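Dumped data05.tsv below, it's TSV, C-alpha atoms and all ligand atoms:
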chain	number	residue	atom	x	y	z
U	1	MET	CA	6.27	10.31	-18.03
U	2	ASP	CA	9.08	10.72	-20.57
U	3	THR	CA	10.28	7.15	-21.02
U	4	GLY	CA	13.19	8.32	-23.24
U	5	VAL	CA	15.18	9.22	-20.12
U	6	LEU	CA	14.67	5.70	-18.74
U	7	GLU	CA	15.64	4.07	-22.01
U	8	GLN	CA	18.79	6.16	-22.20
U	9	ARG	CA	19.70	5.19	-18.64
U	10	PHE	CA	19.11	1.52	-19.41
U	11	LYS	CA	21.61	1.72	-22.26
U	12	GLU	CA	24.15	3.42	-20.04
U	13	VAL	CA	23.81	0.80	-17.31
U	14	TYR	CA	23.55	-2.37	-19.40
U	15	GLY	CA	25.14	-1.35	-22.72
U	16	ARG	CA	22.15	-2.33	-24.85
U	17	LYS	CA	18.56	-1.48	-25.64
U	18	ALA	CA	15.69	-2.44	-23.34
U	19	GLU	CA	13.11	-4.86	-24.72
U	20	HIS	CA	10.02	-4.14	-22.66
U	21	LEU	CA	8.60	-1.53	-20.33
U	22	TYR	CA	6.17	-2.36	-17.51
U	23	PHE	CA	4.40	-0.20	-14.98
U	24	ALA	CA	2.70	-0.73	-11.60
U	25	PRO	CA	1.01	2.11	-9.72
U	26	GLY	CA	1.18	3.19	-6.08
U	27	ARG	CA	-2.04	3.23	-4.08
U	28	VAL	CA	-3.96	5.40	-1.69
U	29	ASN	CA	-6.37	3.83	0.76
U	30	LEU	CA	-9.55	5.88	1.21
U	31	ILE	CA	-10.68	4.09	4.36
U	32	GLY	CA	-10.12	0.72	6.08
U	33	GLU	CA	-6.72	0.87	7.73
U	34	HIS	CA	-5.01	-2.02	9.48
U	35	ILE	CA	-7.88	-4.37	8.82
U	36	ASP	CA	-6.67	-6.23	5.73
U	37	TYR	CA	-4.86	-8.70	8.01
U	38	ASN	CA	-7.98	-8.90	10.20
U	39	GLY	CA	-10.21	-10.18	7.43
U	40	GLY	CA	-11.83	-6.78	6.99
U	41	ARG	CA	-12.98	-4.76	4.03
U	42	VAL	CA	-10.70	-2.05	2.65
U	43	PHE	CA	-11.26	0.64	0.04
U	44	PRO	CA	-8.06	1.59	-1.80
U	45	CYS	CA	-7.44	2.93	-5.31
U	46	ALA	CA	-4.46	2.78	-7.63
U	47	LEU	CA	-2.70	6.05	-8.44
U	48	SER	CA	-1.38	7.29	-11.74
U	49	PHE	CA	2.15	7.45	-10.38
U	50	GLY	CA	4.11	4.30	-9.61
U	51	THR	CA	7.08	2.19	-10.63
U	52	TYR	CA	8.39	1.68	-14.17
U	53	LEU	CA	10.40	-1.42	-14.97
U	54	LEU	CA	12.54	-1.62	-18.10
U	55	MET	CA	14.11	-4.95	-18.95
U	56	ALA	CA	16.04	-7.05	-21.43
U	57	ARG	CA	16.86	-10.76	-21.35
U	58	ARG	CA	20.45	-11.95	-20.90
U	59	GLU	CA	22.14	-15.24	-21.71
U	60	ASP	CA	23.38	-16.37	-18.29
U	61	ARG	CA	21.38	-17.25	-15.19
U	62	LYS	CA	22.04	-14.01	-13.38
U	63	THR	CA	19.84	-10.94	-12.99
U	64	GLY	CA	21.03	-7.35	-12.89
U	65	PHE	CA	19.13	-4.82	-10.79
U	66	ALA	CA	19.50	-1.04	-11.00
U	67	SER	CA	17.29	1.86	-10.02
U	68	MET	CA	17.14	5.50	-10.98
U	69	ASN	CA	16.04	6.30	-7.43
U	70	GLN	CA	18.64	4.39	-5.43
U	71	ALA	CA	22.40	4.21	-5.75
U	72	PHE	CA	22.72	0.52	-4.91
U	73	ARG	CA	23.12	-1.75	-7.94
U	74	GLY	CA	23.84	-5.44	-8.12
U	75	GLU	CA	23.98	-8.60	-10.13
U	76	PHE	CA	22.71	-11.73	-8.41
U	77	ASP	CA	22.13	-15.42	-8.89
U	78	GLU	CA	20.22	-17.91	-6.77
U	79	ARG	CA	22.86	-17.91	-4.02
U	80	VAL	CA	21.45	-14.56	-2.91
U	81	PHE	CA	18.44	-16.36	-1.41
U	82	GLU	CA	20.75	-17.74	1.30
U	83	ASN	CA	22.21	-14.35	2.06
U	84	LYS	CA	19.50	-11.69	1.88
U	85	PRO	CA	20.68	-8.18	1.01
U	86	ALA	CA	19.51	-5.29	3.18
U	87	GLU	CA	19.14	-2.89	0.24
U	88	TRP	CA	16.03	-2.17	-1.84
U	89	VAL	CA	16.72	-5.19	-4.09
U	90	LYS	CA	15.23	-7.38	-1.35
U	91	TYR	CA	11.76	-6.44	-2.69
U	92	PRO	CA	12.23	-7.76	-6.25
U	93	LEU	CA	14.47	-10.61	-5.04
U	94	GLY	CA	11.68	-11.78	-2.72
U	95	VAL	CA	9.46	-12.01	-5.78
U	96	LEU	CA	12.07	-13.99	-7.73
U	97	LYS	CA	12.20	-16.37	-4.78
U	98	GLU	CA	8.43	-16.89	-4.98
U	99	PHE	CA	8.76	-17.88	-8.64
U	100	ALA	CA	11.72	-20.15	-7.87
U	101	ASP	CA	9.73	-21.80	-5.06
U	102	ARG	CA	7.02	-22.63	-7.58
U	103	GLY	CA	9.55	-24.35	-9.81
U	104	PHE	CA	10.10	-21.52	-12.34
U	105	ASP	CA	13.53	-20.25	-13.35
U	106	PRO	CA	13.37	-16.50	-12.64
U	107	TRP	CA	16.96	-15.60	-13.68
U	108	GLY	CA	18.47	-14.17	-16.84
U	109	PHE	CA	17.26	-10.53	-16.99
U	110	ASP	CA	18.64	-7.04	-16.71
U	111	VAL	CA	16.21	-4.72	-14.99
U	112	LEU	CA	16.05	-0.99	-14.36
U	113	TYR	CA	13.43	0.57	-12.09
U	114	PHE	CA	12.22	4.12	-11.90
U	115	GLY	CA	9.63	5.22	-9.35
U	116	ASP	CA	7.77	8.51	-9.26
U	117	ILE	CA	6.00	7.59	-6.01
U	118	PRO	CA	7.43	9.55	-3.09
U	119	ASN	CA	9.54	6.95	-1.24
U	120	GLY	CA	8.60	5.91	2.27
U	121	ALA	CA	5.42	7.98	2.08
U	122	GLY	CA	3.06	5.08	2.69
U	123	LEU	CA	1.81	5.07	-0.90
U	124	SER	CA	3.06	1.52	-1.49
U	125	SER	CA	6.26	2.03	-3.37
U	126	SER	CA	7.38	-1.42	-2.18
U	127	ALA	CA	4.21	-3.22	-3.28
U	128	SER	CA	4.52	-1.46	-6.59
U	129	ILE	CA	8.09	-2.77	-7.12
U	130	GLU	CA	7.01	-6.27	-6.12
U	131	VAL	CA	3.96	-6.43	-8.34
U	132	VAL	CA	5.66	-4.93	-11.41
U	133	THR	CA	8.46	-7.49	-11.01
U	134	ALA	CA	5.99	-10.36	-10.65
U	135	PHE	CA	4.05	-9.17	-13.69
U	136	MET	CA	7.21	-8.95	-15.81
U	137	LEU	CA	8.41	-12.41	-14.77
U	138	ASN	CA	4.99	-13.90	-15.39
U	139	ASP	CA	4.96	-12.38	-18.86
U	140	MET	CA	8.51	-13.48	-19.69
U	141	LEU	CA	8.19	-16.99	-18.28
U	142	ASN	CA	4.70	-17.59	-19.69
U	143	THR	CA	3.57	-19.12	-16.44
U	144	GLY	CA	-0.10	-18.32	-17.02
U	145	LEU	CA	-0.63	-17.18	-13.41
U	146	ASP	CA	-3.40	-14.61	-13.05
U	147	VAL	CA	-2.90	-11.18	-11.49
U	148	VAL	CA	-4.53	-12.18	-8.20
U	149	GLU	CA	-2.00	-15.01	-7.90
U	150	LEU	CA	0.83	-12.53	-8.62
U	151	VAL	CA	-0.62	-10.26	-5.94
U	152	LYS	CA	-0.51	-13.11	-3.40
U	153	MET	CA	3.05	-14.00	-4.39
U	154	SER	CA	4.10	-10.36	-3.97
U	155	GLN	CA	2.55	-10.20	-0.50
U	156	ARG	CA	4.32	-13.44	0.44
U	157	ALA	CA	7.61	-12.03	-0.86
U	158	GLU	CA	7.23	-9.11	1.51
U	159	ASN	CA	6.16	-11.31	4.46
U	160	VAL	CA	8.79	-14.00	4.03
U	161	PHE	CA	11.78	-12.39	2.31
U	162	VAL	CA	11.50	-8.79	3.48
U	163	GLY	CA	10.08	-9.64	6.92
U	164	MET	CA	7.22	-7.14	6.88
U	165	ASN	CA	4.10	-8.99	7.94
U	166	CYS	CA	1.79	-6.90	5.74
U	167	GLY	CA	-1.72	-7.76	4.64
U	168	ILE	CA	-2.82	-8.04	1.03
U	169	MET	CA	-4.35	-4.61	0.44
U	170	ASP	CA	-1.39	-2.82	-1.13
U	171	GLN	CA	-0.40	-5.51	-3.59
U	172	PHE	CA	-4.05	-6.06	-4.49
U	173	ALA	CA	-4.70	-2.37	-5.21
U	174	VAL	CA	-1.50	-2.11	-7.23
U	175	GLY	CA	-2.38	-5.21	-9.23
U	176	MET	CA	-6.14	-4.83	-9.66
U	177	GLY	CA	-6.81	-1.06	-9.61
U	178	ARG	CA	-8.98	0.57	-12.24
U	179	SER	CA	-8.96	4.17	-13.40
U	180	GLY	CA	-11.78	6.20	-11.83
U	181	HIS	CA	-12.65	3.41	-9.38
U	182	ALA	CA	-11.91	2.38	-5.82
U	183	ILE	CA	-11.73	-1.30	-4.92
U	184	ALA	CA	-14.07	-2.60	-2.22
U	185	LEU	CA	-11.99	-5.60	-1.24
U	186	ASP	CA	-13.02	-8.20	1.29
U	187	CYS	CA	-9.64	-9.32	2.57
U	188	GLY	CA	-11.11	-12.42	4.21
U	189	THR	CA	-12.35	-13.87	0.91
U	190	LEU	CA	-10.60	-11.69	-1.70
U	191	GLU	CA	-13.99	-10.97	-3.27
U	192	TYR	CA	-14.01	-7.45	-4.62
U	193	ASP	CA	-16.10	-4.85	-6.42
U	194	LEU	CA	-14.86	-1.91	-8.42
U	195	ILE	CA	-16.86	1.10	-7.21
U	196	PRO	CA	-16.98	4.20	-9.45
U	197	LEU	CA	-15.47	7.07	-7.54
U	198	ASN	CA	-18.24	9.61	-8.08
U	199	ILE	CA	-16.97	12.59	-6.15
U	200	ASN	CA	-18.05	15.30	-8.58
U	201	GLY	CA	-16.97	18.72	-7.46
U	202	TYR	CA	-14.46	17.24	-5.01
U	203	LYS	CA	-10.87	16.06	-5.21
U	204	LEU	CA	-8.84	13.61	-3.21
U	205	VAL	CA	-5.78	15.45	-2.03
U	206	ILE	CA	-2.77	13.55	-0.73
U	207	ALA	CA	-0.52	15.40	1.71
U	208	ASN	CA	2.92	13.91	2.25
U	209	SER	CA	4.14	14.73	5.77
U	210	ASN	CA	7.75	14.10	4.75
U	211	LYS	CA	8.07	12.32	8.04
U	212	ASN	CA	9.55	9.03	7.01
U	213	HIS	CA	7.62	6.09	8.37
U	214	ASP	CA	10.70	4.31	9.66
U	215	LEU	CA	9.02	2.61	12.62
U	216	VAL	CA	6.50	1.02	10.40
U	217	THR	CA	7.93	-2.50	10.11
U	218	SER	CA	8.60	-3.13	13.80
U	219	GLU	CA	5.47	-1.40	15.12
U	220	TYR	CA	3.36	-2.86	12.35
U	221	ASN	CA	4.33	-6.40	13.30
U	222	VAL	CA	3.52	-5.59	16.96
U	223	ARG	CA	0.02	-4.35	16.01
U	224	ARG	CA	-0.57	-7.45	13.98
U	225	SER	CA	0.35	-9.76	16.83
U	226	GLN	CA	-1.83	-7.76	19.25
U	227	CYS	CA	-4.77	-8.40	16.94
U	228	GLU	CA	-3.91	-12.11	16.95
U	229	GLN	CA	-3.86	-12.06	20.75
U	230	ALA	CA	-7.27	-10.39	20.85
U	231	LEU	CA	-8.72	-12.95	18.46
U	232	ALA	CA	-7.30	-15.84	20.50
U	233	ALA	CA	-8.91	-14.40	23.64
U	234	ILE	CA	-12.28	-13.99	21.92
U	235	ASN	CA	-12.03	-17.49	20.47
U	236	ARG	CA	-12.20	-18.90	23.99
U	237	GLU	CA	-15.93	-18.19	23.87
U	238	ILE	CA	-16.97	-17.66	20.28
U	239	ASP	CA	-15.84	-18.99	16.97
U	240	ALA	CA	-14.54	-16.23	14.70
U	241	LYS	CA	-11.94	-16.63	12.00
U	242	HIS	CA	-11.04	-12.93	11.91
U	243	LEU	CA	-11.60	-9.98	14.21
U	244	CYS	CA	-13.54	-8.26	11.45
U	245	ASP	CA	-16.07	-11.11	11.35
U	246	LEU	CA	-17.54	-9.47	14.48
U	247	SER	CA	-20.05	-6.64	14.36
U	248	VAL	CA	-19.53	-3.76	16.77
U	249	ALA	CA	-22.36	-5.13	18.98
U	250	GLU	CA	-20.87	-8.63	19.00
U	251	PHE	CA	-17.52	-7.17	19.96
U	252	GLU	CA	-19.08	-5.27	22.87
U	253	ASP	CA	-20.41	-8.60	24.18
U	254	VAL	CA	-17.05	-10.37	24.14
U	255	LYS	CA	-14.50	-7.64	24.73
U	256	HIS	CA	-14.30	-8.48	28.47
U	257	LEU	CA	-12.43	-11.64	27.38
U	258	ILE	CA	-9.48	-9.48	26.33
U	259	ALA	CA	-7.62	-8.82	29.56
U	260	ASP	CA	-5.08	-6.28	28.29
U	261	ASP	CA	-6.54	-2.82	27.72
U	262	THR	CA	-4.14	-1.94	24.89
U	263	VAL	CA	-4.88	-5.19	23.06
U	264	CYS	CA	-8.60	-4.53	23.55
U	265	ARG	CA	-8.32	-1.08	21.97
U	266	ARG	CA	-6.44	-2.52	18.99
U	267	ALA	CA	-9.29	-4.96	18.45
U	268	ARG	CA	-11.89	-2.23	18.88
U	269	HIS	CA	-10.20	-0.25	16.12
U	270	ALA	CA	-10.32	-3.24	13.78
U	271	VAL	CA	-14.01	-3.94	14.42
U	272	THR	CA	-15.19	-0.32	14.26
U	273	GLU	CA	-13.02	0.47	11.22
U	274	ASN	CA	-14.59	-2.41	9.34
U	275	ALA	CA	-18.06	-1.05	10.16
U	276	ARG	CA	-16.95	2.40	8.95
U	277	VAL	CA	-15.72	0.96	5.65
U	278	ASN	CA	-19.02	-0.82	5.02
U	279	GLU	CA	-20.92	2.37	5.70
U	280	ALA	CA	-18.50	4.47	3.64
U	281	ILE	CA	-18.92	2.26	0.57
U	282	ASN	CA	-22.69	2.50	0.97
U	283	VAL	CA	-22.87	6.25	1.37
U	284	LEU	CA	-20.45	6.85	-1.48
U	285	GLN	CA	-22.73	4.92	-3.81
U	286	LYS	CA	-25.64	7.08	-2.64
U	287	GLY	CA	-23.61	10.23	-3.25
U	288	ASP	CA	-23.49	11.21	0.44
U	289	LEU	CA	-20.00	12.65	0.47
U	290	VAL	CA	-20.59	14.53	3.71
U	291	ARG	CA	-21.06	11.28	5.61
U	292	PHE	CA	-18.14	9.72	3.73
U	293	GLY	CA	-15.95	12.56	4.98
U	294	GLN	CA	-17.15	12.15	8.58
U	295	LEU	CA	-16.23	8.48	8.41
U	296	MET	CA	-12.75	9.43	7.20
U	297	ASN	CA	-12.39	11.70	10.24
U	298	GLU	CA	-13.63	8.98	12.58
U	299	SER	CA	-11.17	6.56	11.01
U	300	HIS	CA	-8.32	8.93	11.77
U	301	ARG	CA	-9.45	9.34	15.36
U	302	SER	CA	-9.59	5.58	15.87
U	303	LEU	CA	-6.13	5.14	14.35
U	304	LYS	CA	-4.87	7.84	16.70
U	305	GLU	CA	-6.56	6.79	19.93
U	306	ASP	CA	-7.15	3.05	19.67
U	307	TYR	CA	-4.53	1.86	17.23
U	308	GLU	CA	-1.89	4.50	18.03
U	309	VAL	CA	-0.21	4.58	14.65
U	310	THR	CA	-0.45	8.30	13.88
U	311	GLY	CA	1.92	10.55	15.87
U	312	THR	CA	2.07	14.36	16.15
U	313	GLU	CA	2.99	15.02	12.53
U	314	MET	CA	0.15	12.98	11.08
U	315	ASP	CA	-2.37	14.22	13.65
U	316	THR	CA	-1.45	17.81	12.84
U	317	LEU	CA	-1.85	17.25	9.11
U	318	ALA	CA	-5.19	15.46	9.43
U	319	GLU	CA	-6.75	17.50	12.23
U	320	GLU	CA	-5.68	20.90	10.89
U	321	GLY	CA	-6.83	19.74	7.45
U	322	GLN	CA	-10.27	18.81	8.82
U	323	LYS	CA	-10.79	22.40	9.99
U	324	LEU	CA	-10.22	24.05	6.61
U	325	PRO	CA	-13.00	25.31	4.33
U	326	GLY	CA	-14.37	22.85	1.78
U	327	VAL	CA	-12.87	19.82	3.54
U	328	LEU	CA	-15.30	16.96	4.10
U	329	GLY	CA	-12.78	14.57	5.66
U	330	SER	CA	-9.12	13.98	6.25
U	331	ARG	CA	-7.23	10.97	7.57
U	332	ILE	CA	-3.90	9.22	7.64
U	333	THR	CA	-3.56	6.64	4.87
U	334	GLY	CA	-1.41	3.50	4.87
U	335	GLY	CA	0.53	1.83	7.65
U	336	GLY	CA	1.15	4.98	9.73
U	337	PHE	CA	4.04	6.43	11.79
U	338	GLY	CA	4.51	9.08	9.13
U	339	GLY	CA	3.54	8.97	5.48
U	340	CYS	CA	0.54	10.73	3.98
U	341	THR	CA	-2.96	11.90	4.70
U	342	VAL	CA	-5.80	11.77	2.19
U	343	SER	CA	-8.46	14.47	2.26
U	344	LEU	CA	-11.72	14.99	0.43
U	345	VAL	CA	-11.72	18.64	-0.59
U	346	ALA	CA	-14.12	20.77	-2.67
U	347	GLU	CA	-12.49	21.47	-6.02
U	348	ASP	CA	-12.65	25.25	-5.56
U	349	ASP	CA	-10.98	25.03	-2.16
U	350	VAL	CA	-8.04	22.82	-3.14
U	351	SER	CA	-5.52	25.60	-3.63
U	352	GLY	CA	-6.53	27.32	-0.36
U	353	PHE	CA	-6.32	23.97	1.41
U	354	VAL	CA	-2.81	23.34	0.15
U	355	GLU	CA	-1.62	26.80	1.01
U	356	LYS	CA	-3.11	26.97	4.51
U	357	LEU	CA	-2.26	23.42	5.51
U	358	ALA	CA	1.32	23.77	4.29
U	359	ALA	CA	1.69	26.92	6.40
U	360	VAL	CA	0.20	25.58	9.62
U	361	TYR	CA	2.06	22.26	9.31
U	362	HIS	CA	5.34	24.07	8.79
U	363	GLU	CA	4.67	26.38	11.69
U	364	LYS	CA	3.75	23.59	14.12
U	365	ILE	CA	6.06	20.79	13.00
U	366	GLY	CA	8.87	22.51	11.12
U	367	LEU	CA	8.60	20.21	8.10
U	368	SER	CA	7.42	21.03	4.59
U	369	ALA	CA	4.49	18.94	3.41
U	370	GLU	CA	3.98	18.11	-0.26
U	371	PHE	CA	0.61	17.87	-1.94
U	372	TYR	CA	-0.75	15.86	-4.85
U	373	VAL	CA	-4.24	15.82	-6.26
U	374	ALA	CA	-4.82	12.08	-6.59
U	375	ASP	CA	-5.32	10.85	-10.10
U	376	ILE	CA	-6.85	7.37	-9.94
U	377	GLY	CA	-5.18	5.09	-12.48
U	378	ASP	CA	-5.14	1.47	-13.64
U	379	GLY	CA	-3.34	-1.51	-12.12
U	380	VAL	CA	-0.13	-3.20	-13.29
U	381	ARG	CA	0.46	-3.51	-17.05
U	382	ARG	CA	2.96	-3.82	-19.87
U	383	ILE	CA	3.47	-0.54	-21.72
U	384	TYR	CA	5.38	-2.17	-24.64
E	401	LIG	C1	0.55	-1.22	5.11
E	401	LIG	C2	0.39	-2.69	4.76
E	401	LIG	C3	-1.04	-3.04	4.37
E	401	LIG	C4	-2.05	-2.48	5.36
E	401	LIG	C5	-1.75	-1.03	5.69
E	401	LIG	C6	-2.63	-0.49	6.80
E	401	LIG	O1	0.39	-0.43	3.96
E	401	LIG	O2	1.27	-3.06	3.74
E	401	LIG	O3	-1.17	-4.43	4.22
E	401	LIG	O4	-2.13	-3.27	6.51
E	401	LIG	O5	-0.41	-0.83	6.07
E	401	LIG	O6	-3.95	-0.48	6.40
Write out the structure in this file as structure tokens.
Amino acid sequence: MDTGVLEQRFKEVYGRKAEHLYFAPGRVNLIGEHIDYNGGRVFPCALSFGTYLLMARREDRKTGFASMNQAFRGEFDERVFENKPAEWVKYPLGVLKEFADRGFDPWGFDVLYFGDIPNGAGLSSSASIEVVTAFMLNDMLNTGLDVVELVKMSQRAENVFVGMNCGIMDQFAVGMGRSGHAIALDCGTLEYDLIPLNINGYKLVIANSNKNHDLVTSEYNVRRSQCEQALAAINREIDAKHLCDLSVAEFEDVKHLIADDTVCRRARHAVTENARVNEAINVLQKGDLVRFGQLMNESHRSLKEDYEVTGTEMDTLAEEGQKLPGVLGSRITGGGFGGCTVSLVAEDDVSGFVEKLAAVYHEKIGLSAEFYVADIGDGVRRIY
């Protein structure tokens, strides 16, 4: 990344030099979808692309926001909390509000963002903006909060200020990722292990469907409340804090308590996905990539049939991908309704995979997919 271009733009926008540069990555989730808010285990990694934040302090109690990706620019003070903007600035402003709510004064900065994560692709561009903003404020205000606390504040910003009832996975991966590792995160307890991503001879290939995941907020919140309904029904007979506290066998015993078939399928996805994640982490550590790939495929099927968050575009990308030579597994990643798939592909077959999948996807759907070989990077940090 040539930061000279960013620095030049900062000068143009704010008429002076930037003081510090921060960075937070995007993330790709390998397996464990829609279970972070069900107390399940997820398995994401941070990417090497993400969001850059350049900043300088200013004398008054206002904050300027600009982006090299979005036209909207603005200067705000605390009155904005009463009158939430609809534009992208709601993500960083939600974070400022979290700091204000904890008694810190988060104003008095000029900020410029630049993201090289494809927008709206389900690779957590929003979590990345939130976490980089929280990290910068924490650094500037010397609050002494640790990164896990910043992760929680960023999730809250998105839940409360933005109105997307997301779980903690994205912000956690963006904050706590480590190069060459995936994070086995228990979202019920926030205990985590960094697992070396030993996939020698294979690559993780991200395919962006270029189908914007515009339904994601409304449908996402519906899925989340269906899971709450399922848990409430189960709680009539057994005590469970989260759906993912149940094993698949335990779920089979109590599923009759869930009257609505759709709600029951949502819960079945959560329980079986959690079991798949546990197995996937195990087999990866044993080097059984073939089984890991099968679990990715099963995850996609469950997200398609039980959770219904895929759609024709994503099913085409994943299912056509699964058929290609050298592919061990392929699945949708992130919240769904568009976005990206992630596939485990033999190194020698990557170029064939990209070429063939691009062609078949274009032929069937009429859209052009974009491909990235995932480079697993570190979590949020200050560059200077
Ligand atoms: C979105 C949310 C996450 C998670 C995923 C699905 O990315 O922000 O919290 O629920 O969807 O796994």
Residues of chain U within 7 Å of ligand LIG 401 (chain E): nearest atom pair and distance (Å, one decimal) for each, counting only C-alpha atoms and all ligand atoms, sorted by chain and number, as JSON lines?
{"residue": "U:Gly32", "atom": "CA", "partner": "E:LIG401", "partner_atom": "O6", "distance": 6.3}
{"residue": "U:Glu33", "atom": "CA", "partner": "E:LIG401", "partner_atom": "O6", "distance": 3.4}
{"residue": "U:His34", "atom": "CA", "partner": "E:LIG401", "partner_atom": "O6", "distance": 3.6}
{"residue": "U:Ile35", "atom": "CA", "partner": "E:LIG401", "partner_atom": "O6", "distance": 6.0}
{"residue": "U:Asp36", "atom": "CA", "partner": "E:LIG401", "partner_atom": "O4", "distance": 5.5}
{"residue": "U:Tyr37", "atom": "CA", "partner": "E:LIG401", "partner_atom": "O4", "distance": 6.3}
{"residue": "U:Gly122", "atom": "CA", "partner": "E:LIG401", "partner_atom": "O1", "distance": 6.3}
{"residue": "U:Ser124", "atom": "CA", "partner": "E:LIG401", "partner_atom": "O1", "distance": 6.4}
{"residue": "U:Cys166", "atom": "CA", "partner": "E:LIG401", "partner_atom": "O3", "distance": 4.1}
{"residue": "U:Gly167", "atom": "CA", "partner": "E:LIG401", "partner_atom": "O3", "distance": 3.4}
{"residue": "U:Ile168", "atom": "CA", "partner": "E:LIG401", "partner_atom": "O3", "distance": 5.1}
{"residue": "U:Met169", "atom": "CA", "partner": "E:LIG401", "partner_atom": "O3", "distance": 4.9}
{"residue": "U:Asp170", "atom": "CA", "partner": "E:LIG401", "partner_atom": "C3", "distance": 5.5}
{"residue": "U:Gly334", "atom": "CA", "partner": "E:LIG401", "partner_atom": "O1", "distance": 4.4}
{"residue": "U:Gly335", "atom": "CA", "partner": "E:LIG401", "partner_atom": "O5", "distance": 3.2}
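Nearest-residue note for Asp105 in chain U: choosing from U:Asn69, U:Ser209, U:Asn278, U:Thr143, the minimum distance belongs to U:Thr143, counting only C-alpha atoms.
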Counting all atoms listed in the file, which of U:Glu237, U:Asp110, U:Asn208, U:Arg266 gets nearest to Met314 in chain U?
-> U:Asn208
For Arg381 in chain U, list every protein, DNA or RNA residue within 7 Å, evaluated using all atoms listed in the file, and leave out those in the same chain fewer than 2 positions away; present the list as a PyMOL selection string.
-> chain U and resi 22-24+379+383
Using all atoms listed in the file, I'd like a table of the residues in range 166-194 of chain U that come within 12 Å of range 245-249 of chain U; for each, show the closest atom pair and its distance in Å rounded to one decimal, ordered by chain and ascending number, as CSV.
residue,atom,partner,partner_atom,distance
U:Asp186,CA,U:Asp245,CA,10.9
U:Cys187,CA,U:Asp245,CA,11.0
U:Gly188,CA,U:Asp245,CA,8.8
U:Thr189,CA,U:Asp245,CA,11.4
Find, counting all atoms listed in the file, the residue in U:Gly4, U:Leu194, U:Phe161, U:Tyr372 that gets nearest to Ala173 in chain U.
-> U:Leu194
Please provide the set of residues having any atom within 12 Å of Ala270 in chain U, restricted to all atoms listed in the file, with same-chain residues fewer than 4 positions apart removed, written as a ChimeraX atom specification.
-> /U:31-42,223-224,226-228,230-231,242-248,251,263-266,274-277,299,302-303,306-307
With 5 Å on each side, where is the centre of the axis-aligned box around all listed atoms of range 287-305 of chain U, and how long are its edges in Å to one decimal, as lines of an AutoDock Vina configuration file?
center_x = -14.2
center_y = 9.8
center_z = 8.3
size_x = 28.7
size_y = 19.4
size_z = 33.2
Between U:Glu59, U:Ser351, U:Gln8, U:Glu158, which is the closest to Leu96 in chain U once you count only C-alpha atoms?
->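 For Leu96 in chain U, the nearest of the candidates is U:Glu158.
Comparing U:Lys90, U:Arg16, U:Arg301, U:Arg61 by their smallest distance to Glu78 in chain U, the closest is U:Arg61 (using all atoms listed in the file).
The space between CA of Glu19 in chain U and CA of Glu98 in chain U spans 23.6 Å.
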Taking all atoms listed in the file into account, which of U:Gly336, U:Gly321, U:Pro118, U:Gly287 comes nearest Glu219 in chain U?
->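 Ranked by minimum distance to Glu219 in chain U, first place goes to U:Gly336.
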Dump as a tab-separated table the rows for residues of range 290-340 of chain U within 7 Å of range 280-283 of chain U: closest atom pair and distance in Å with one decimal, all atoms listed in the file counted, ordered by chain and rising residue number.
residue	atom	partner	partner_atom	distance
U:Arg291	CA	U:Val283	CA	6.8
U:Phe292	CA	U:Ala280	CA	5.3
U:Leu295	CA	U:Ala280	CA	6.6
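The coordinates place CA of Phe109 in chain U at 25.0 Å from CA of Gly163 in chain U.
One finds CA of Tyr202 in chain U at 18.7 Å from CA of Cys340 in chain U.
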Taking 4 positions as the minimum chain separation for residues in the same chain, which residues sit within 8 Å of Ala318 in chain U when counting all atoms listed in the file? Answer as a JSON list (two decimals) with C-alpha atoms, in the coordinates of the input.
[["chain", "number", "residue", "atom", "x", "y", "z"],
["U", 300, "HIS", "CA", -8.32, 8.93, 11.77],
["U", 314, "MET", "CA", 0.15, 12.98, 11.08],
["U", 322, "GLN", "CA", -10.27, 18.81, 8.82],
["U", 330, "SER", "CA", -9.12, 13.98, 6.25],
["U", 331, "ARG", "CA", -7.23, 10.97, 7.57],
["U", 332, "ILE", "CA", -3.90, 9.22, 7.64],
["U", 341, "THR", "CA", -2.96, 11.90, 4.70],
["U", 343, "SER", "CA", -8.46, 14.47, 2.26]]
Would you list the residues near (-12.1, -13.5, 22.6) (no more than 10 Å away, in the coordinates of the file, using only C-alpha atoms) as a list in words?
->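 Output of the proximity query reads Gln229, Ala230, Leu231, Ala232, Ala233, Ile234, Asn235, Arg236, Glu237, Ile238, Asp239, Ala240, Leu243, Phe251, Asp253, Val254, Lys255, His256, Leu257, Ile258, Ala259, Cys264 and Ala267 of chain U.
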Distance cut-off 10 Å, centre (20.5, -0.6, -16.4) in file coordinates, counting only C-alpha atoms: which residues qualify? Return them as a short mmCIF file (atom, residue, chain, number, x, y, z; two decimals) with C-alpha atoms, in the frame of the given file.
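What landed in out22.cif:
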data_model
loop_
_atom_site.label_atom_id
_atom_site.label_comp_id
_atom_site.auth_asym_id
_atom_site.auth_seq_id
_atom_site.Cartn_x
_atom_site.Cartn_y
_atom_site.Cartn_z
CA LEU U 6 14.67 5.70 -18.74
CA GLU U 7 15.64 4.07 -22.01
CA GLN U 8 18.79 6.16 -22.20
CA ARG U 9 19.70 5.19 -18.64
CA PHE U 10 19.11 1.52 -19.41
CA LYS U 11 21.61 1.72 -22.26
CA GLU U 12 24.15 3.42 -20.04
CA VAL U 13 23.81 0.80 -17.31
CA TYR U 14 23.55 -2.37 -19.40
CA GLY U 15 25.14 -1.35 -22.72
CA ARG U 16 22.15 -2.33 -24.85
CA LYS U 17 18.56 -1.48 -25.64
CA ALA U 18 15.69 -2.44 -23.34
CA LEU U 54 12.54 -1.62 -18.10
CA MET U 55 14.11 -4.95 -18.95
CA ALA U 56 16.04 -7.05 -21.43
CA GLY U 64 21.03 -7.35 -12.89
CA PHE U 65 19.13 -4.82 -10.79
CA ALA U 66 19.50 -1.04 -11.00
CA SER U 67 17.29 1.86 -10.02
CA MET U 68 17.14 5.50 -10.98
CA ARG U 73 23.12 -1.75 -7.94
CA ASP U 110 18.64 -7.04 -16.71
CA VAL U 111 16.21 -4.72 -14.99
CA LEU U 112 16.05 -0.99 -14.36
CA TYR U 113 13.43 0.57 -12.09
#
